[in-house]
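Structure first, commentary second.
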Amino acid sequence: MYRTLFGNATRRVGFEYQVARFNSVVDRPYAFDNLFIRNHQDLPRLPIPGLKETVGRYLTSVGPLCADKEEFARVQTSANDFLNGVGPALQAKLISEDAAFEALGDAGPAFYFEEAWDQGYLGARCPSPININPFYILKENSRPHLRGQINRTAHLIESSVRWQRALIEGDLAAEKSPLCVATLGRQMGTARIPMVQADVLRETPRSRHVVFQWRNEFYKMDILDSTGTKVLSLADIKEGIEKIMTNPSSTAGYDKIGVLTTLDRTQWAQIREDITIDETNARSLEAIDEALMIIALDDDSGGLSLDDVGTAMLTGDGKNRWFDKHQYIVTKSGLLGMNFEHSHSDGTTWNRMIHEVWHDMESRGVSSAYGPLPEVQSYRKSAEVQKLTWNLSKAQCTEVLRAATAFDQTASNVDLKMMVFDDFAKSQIKEMKMSPDAVCQMAFHMSYLKVHGTLAPTYESCSTRQFFRGRTETIRSLSPMMARFVSSMMNPKITDSESRDLMYSAATMHVDLAKAAVAGMGCDRHLLGLKIQAQKDEKLQTLPTIFTDDMFVKSSTFILSTSNVSSPELDIFGFGAVTHDGYGIGYQVLQDAIPICITSYHDNPNTNSNDFKQAIAESLHQINALSIV
């Protein structure tokens, strides 16, 4: 259901085409309690594109994937049949339904496919880790007092609480360009609760505690006072963390209860229902669900490679993670990462929070593009640490052990490779007179053609946060011009000058496609809405052929799933490949480097992340050389 509904790539977050600079003045106050349902900024609703335009964009995107003119003619016939047949009626129903949603005001969906979007995430039955949750590795802070696991964790908690208090009090700085703030309210205190049919979100943004994961145990620690307005002092937070890390911990496999969050969602829901019959278990689960955040303290020995660290951030690497919530991960050396529960928010939301928290740690917000966060008074009290306990039956222990074994196999199948390309980056690409993102996409397409001898259906995510509760749209970056350019680079009969002209045309077309997608004018979300209308239409005995044609399935099975979340506070961003025979590519284009994380699966004999990594570096150099021909 999950992969079919969203064409295998709902989780990608994207940032390049929704970058904005910020001011530090709250010019449109909001009320936190109705932050998600009230359109405080009077943002427009996500538009419904014109039918003809969407079908045209779809045909443009599938052209490079067709084997010959005959195949494209067949696809074109099904598209024209749709345009001249049932398509206009389905478009009219979609517009009418969206108008009805708008008339509901706060009680209605914010955009025409929002219900399907939520169902696509919360109704997905696949396990969350690797399939859905991405990860960040944050840049090291420069301040000496922030070094080390305990120090950085304590400051992280303090700054995160300061951000959350500003959010709740309505004091977050406004964006320079109006962007929806609704999903900011779900960054902390939100848990995804497994259910048999579709999961639900539990929101406790005014929670007063965090939960630590240390080795195989979970610990609850209050970090706000009884009023929820004062934060525990740094000294006391550190004392509490030291208590946790010196507490004797079990090493029994059945205590790794977090591994249950790696299961198929229906299976996890059934096991959780059984576990919560016991009151002790119910209280421990409640403490985790209601925590402002999960903080995993990794007991690594150091000396891990960058690939090993990325794998641990993505999969947990055998540790007792809790994948149903946003979780910070702090290694023994003080390296800070995050693994995100993706159902309720996306990259621009995460970047907003991370930016302010990181800069609050670094300079009390003086260096932040949003300005300093409001001060939060601290209080002194010996940290109250509670070890969460579990009463598991023999059968439940067996389920935990079975889940751990199964996920170890799944995680070990991930082929993750990272690279930090620093021979040139954003500033030099600007001198080439091309979009930095377009250059990266060209390198990805060229690399796939080199390694696999063909072109690949490609997903790139972009943000639609300029609309109320907007999430993401697809940039189908394999445009006809992109295909012509990368193919020319494999053809010795085409001169460098000719390839150079094709390169600049491909870059221009990529920017145009990206701008359209940001404006809600991609084809994927609209086609999803139309397909849903067709499925609900009792007069239609079968789906229109545009949706059943082999090319529709092929073009939305994204062999390359890519996302750009460029942010100076990040070192690496990554996620799992969304198809068994494809690649996941998380990347950034920073001023001085292009960090890239590539994932595929070891058990597919046709993919190899290291080969792809090397091809990307080579392709970037070729593009650079071509720009100066």
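Letters A, B, ... go to the chains of the structure tokens in the order shown; residues in each chain start at 1; ligands are counted from 1 in the same order.
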
Note to self: Quick check for you: according to DSSP on this backbone, which residues of segment 297-396 of chain A are classed as strand (DSSP E)? Reply as a list in words.
What the structure shows: Leu297, Gln327, Tyr328, Ile329, Val330, Leu336, Gly337, Met338, Asn339, Ser378, Tyr379, Val385, Gln386 and Lys387 of chain A

Check: So which residues touch Thr227 of chain A within 12 Å, counting only C-alpha atoms, skipping near sequence neighbours fewer than 5 positions away, as an MDAnalysis selection string?
Finding: chainID A and resid 165 206:208 222 377 379

Selection to disk with N, CA and C atoms, as a PDB file, in the first residue's frame:
ATOM      1  N   ARG A 165       9.966  25.732  24.348  1.00  0.00           N
ATOM      2  CA  ARG A 165       9.256  26.748  25.136  1.00  0.00           C
ATOM      3  C   ARG A 165       8.933  27.969  24.259  1.00  0.00           C
ATOM      4  N   ARG A 206       3.719  19.386  25.771  1.00  0.00           N
ATOM      5  CA  ARG A 206       4.034  20.009  27.057  1.00  0.00           C
ATOM      6  C   ARG A 206       4.577  19.003  28.066  1.00  0.00           C
ATOM      7  N   SER A 207       5.048  17.902  27.564  1.00  0.00           N
ATOM      8  CA  SER A 207       5.687  16.911  28.435  1.00  0.00           C
ATOM      9  C   SER A 207       6.850  17.543  29.187  1.00  0.00           C
ATOM     10  N   ARG A 208       7.129  17.010  30.374  1.00  0.00           N
ATOM     11  CA  ARG A 208       8.201  17.578  31.200  1.00  0.00           C
ATOM     12  C   ARG A 208       9.426  16.663  31.276  1.00  0.00           C
ATOM     13  N   ASP A 222      12.917  13.792  34.414  1.00  0.00           N
ATOM     14  CA  ASP A 222      12.226  15.086  34.326  1.00  0.00           C
ATOM     15  C   ASP A 222      13.256  16.175  34.089  1.00  0.00           C
ATOM     16  N   GLN A 377      14.215  30.200  32.366  1.00  0.00           N
ATOM     17  CA  GLN A 377      14.812  30.148  33.701  1.00  0.00           C
ATOM     18  C   GLN A 377      15.143  28.706  34.070  1.00  0.00           C
ATOM     19  N   TYR A 379      16.374  25.785  37.129  1.00  0.00           N
ATOM     20  CA  TYR A 379      16.205  25.516  38.557  1.00  0.00           C
ATOM     21  C   TYR A 379      17.141  24.388  38.950  1.00  0.00           C
TER      22      TYR A 379
END

Next item on the list: Would you work out the distance separating atom CA of Ala383 of chain A from atom CA of Glu239 of chain A, expressed in Å to one decimal?
Entry: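 That distance, rounded to one decimal, is 6.7 Å.
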
Checklist line | 8 Å contact set for Leu59 of chain A, only C-alpha atoms, chain neighbours under 3 positions out, as a ChimeraX atom specification | finding: /A:55-56,62-63,75-76,79

Margin query: Need to verify the contact set: segment 396-409 of chain A, 8 Å, only C-alpha atoms, exclusion of same-chain residues closer than 5 positions in sequence. Can you return it as a list in words?
Written below: Gly253, Tyr254, Asp255, Lys256, Ile257, Val259, Leu260, Thr262, Leu263, Ile271, Ile275, Asp317 and Gly318 of chain A

Item checked: A:Gly453, A:Gly574, A:Pro47, A:Pro127 ranked by distance to Pro194 of chain A, top pick (using only C-alpha atoms) ->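 Distance minimum relative to Pro194 of chain A lands on A:Pro127.
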
Next item on the list: Between A:Arg57, A:Arg465, A:His145, A:Lys450, single out the one closest to Leu478 of chain A, counting only C-alpha atoms.
Entry: A:Arg57

Note to self: Which residue is closest to Asn216 of chain A? Choose from A:Asn133, A:Ser284, A:Asn320, A:Gln386 and count only C-alpha atoms.
What the structure shows: A:Asn320

Checklist line | Contacts of Leu590 of chain A at 12 Å (only C-alpha atoms; same-chain gap of 6+ positions) as a list in words | finding: Glu16, Val420, Phe421, Asp422, Phe424, Ala425, Lys426, Ser427, Gln428, Ile429, Lys430, Pro436, Asp437, Cys440, Asn564, Val565, Ser566, Ser567, Pro568, Glu569, Leu570, Asp571, Ile572 and Ile596 of chain A

Item checked: Glu203 of chain A surroundings by only C-alpha atoms, 8 Å radius, close-in-sequence under 3 positions cut, as an NGL selection string -> :A and (186 or 189-191 or 290)

Notebook entry, point to check: So which residues touch Val210 of chain A within 8 Å, counting only C-alpha atoms, skipping near sequence neighbours fewer than 4 positions away, as a PyMOL selection string?
Noted result: chain A and resi 220-223+291-295

Where does segment 460-502 of chain A meet segment 618-627 of chain A within 9 Å, residue by residue, with the nearest atom pair and distance in Å to one decimal for each, counting only C-alpha atoms, listed by chain and rising number, as JSON lines?
{"residue": "A:Met489", "atom": "CA", "partner": "A:Gln622", "partner_atom": "CA", "distance": 8.9}
{"residue": "A:Asp496", "atom": "CA", "partner": "A:Leu626", "partner_atom": "CA", "distance": 6.7}
{"residue": "A:Ser497", "atom": "CA", "partner": "A:Leu626", "partner_atom": "CA", "distance": 8.0}
{"residue": "A:Ser499", "atom": "CA", "partner": "A:Leu626", "partner_atom": "CA", "distance": 7.8}
{"residue": "A:Arg500", "atom": "CA", "partner": "A:Leu626", "partner_atom": "CA", "distance": 5.9}

Next item on the list: Return as a ChimeraX atom specification the full set of residues in segment 218-275 of chain A whose backbone-based DSSP assignment is helix (DSSP H, G or I).
Entry: /A:234-246,253-255,257-262,265-275

Could you please take those selected residues and save C-alpha atoms as a short mmCIF file (atom, residue, chain, number, x, y, z; two decimals), in the first residue's frame?
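Output file result.cif is given in full below:
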data_model
loop_
_atom_site.label_atom_id
_atom_site.label_comp_id
_atom_site.auth_asym_id
_atom_site.auth_seq_id
_atom_site.Cartn_x
_atom_site.Cartn_y
_atom_site.Cartn_z
CA LEU A 234 22.98 21.96 33.23
CA ALA A 235 24.85 20.64 36.26
CA ASP A 236 21.84 18.63 37.35
CA ILE A 237 21.16 17.33 33.83
CA LYS A 238 24.77 16.13 33.66
CA GLU A 239 24.43 14.52 37.08
CA GLY A 240 21.34 12.69 35.87
CA ILE A 241 23.10 11.42 32.74
CA GLU A 242 26.02 10.22 34.87
CA LYS A 243 23.58 8.32 37.09
CA ILE A 244 22.17 6.59 34.05
CA MET A 245 25.54 5.68 32.60
CA THR A 246 26.83 4.23 35.88
CA GLY A 253 18.56 -9.96 24.52
CA TYR A 254 14.94 -10.00 25.61
CA ASP A 255 15.42 -6.61 27.26
CA ILE A 257 12.31 -4.13 23.69
CA GLY A 258 12.93 -1.21 21.32
CA VAL A 259 13.55 -3.72 18.56
CA LEU A 260 9.79 -4.30 18.44
CA THR A 261 9.52 -0.90 16.70
CA THR A 262 11.36 -2.47 13.76
CA ARG A 265 3.35 -2.23 11.93
CA THR A 266 0.41 -4.61 12.29
CA GLN A 267 2.55 -7.22 14.01
CA TRP A 268 3.99 -4.57 16.34
CA ALA A 269 0.48 -3.32 17.13
CA GLN A 270 -0.68 -6.80 18.10
CA ILE A 271 2.37 -7.44 20.28
CA ARG A 272 2.09 -4.01 21.90
CA GLU A 273 -1.57 -4.61 22.77
CA ASP A 274 -0.58 -7.86 24.42
CA ILE A 275 2.30 -6.25 26.31
#

Contact table segment 23-100 of chain A vs segment 532-549 of chain A, cut-off 8 Å, shortest pair per residue, only C-alpha atoms, as CSV:
residue,atom,partner,partner_atom,distance
A:Val75,CA,A:Asp549,CA,7.2
A:Ser78,CA,A:Ile546,CA,5.1
A:Ala79,CA,A:Ile546,CA,5.5
A:Phe82,CA,A:Ile546,CA,6.7
A:Val86,CA,A:Pro544,CA,7.7
A:Leu90,CA,A:Gln533,CA,6.0
A:Lys93,CA,A:Gln533,CA,7.2
A:Leu94,CA,A:Gln533,CA,6.7

Check: Between A:Phe101, A:Tyr504, A:Phe36, A:Trp350, which has the minimum distance to Met338 of chain A (counting only C-alpha atoms)?
Finding: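 Comparing A:Phe101, A:Tyr504, A:Phe36, A:Trp350 against Met338 of chain A, the winner is A:Trp350.
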
Notebook entry, point to check: Hey, which of A:Lys515, A:Arg202, A:His344, A:Lys417 ends up closest to Ile598 of chain A? Count only C-alpha atoms.
Noted result: A:Lys417
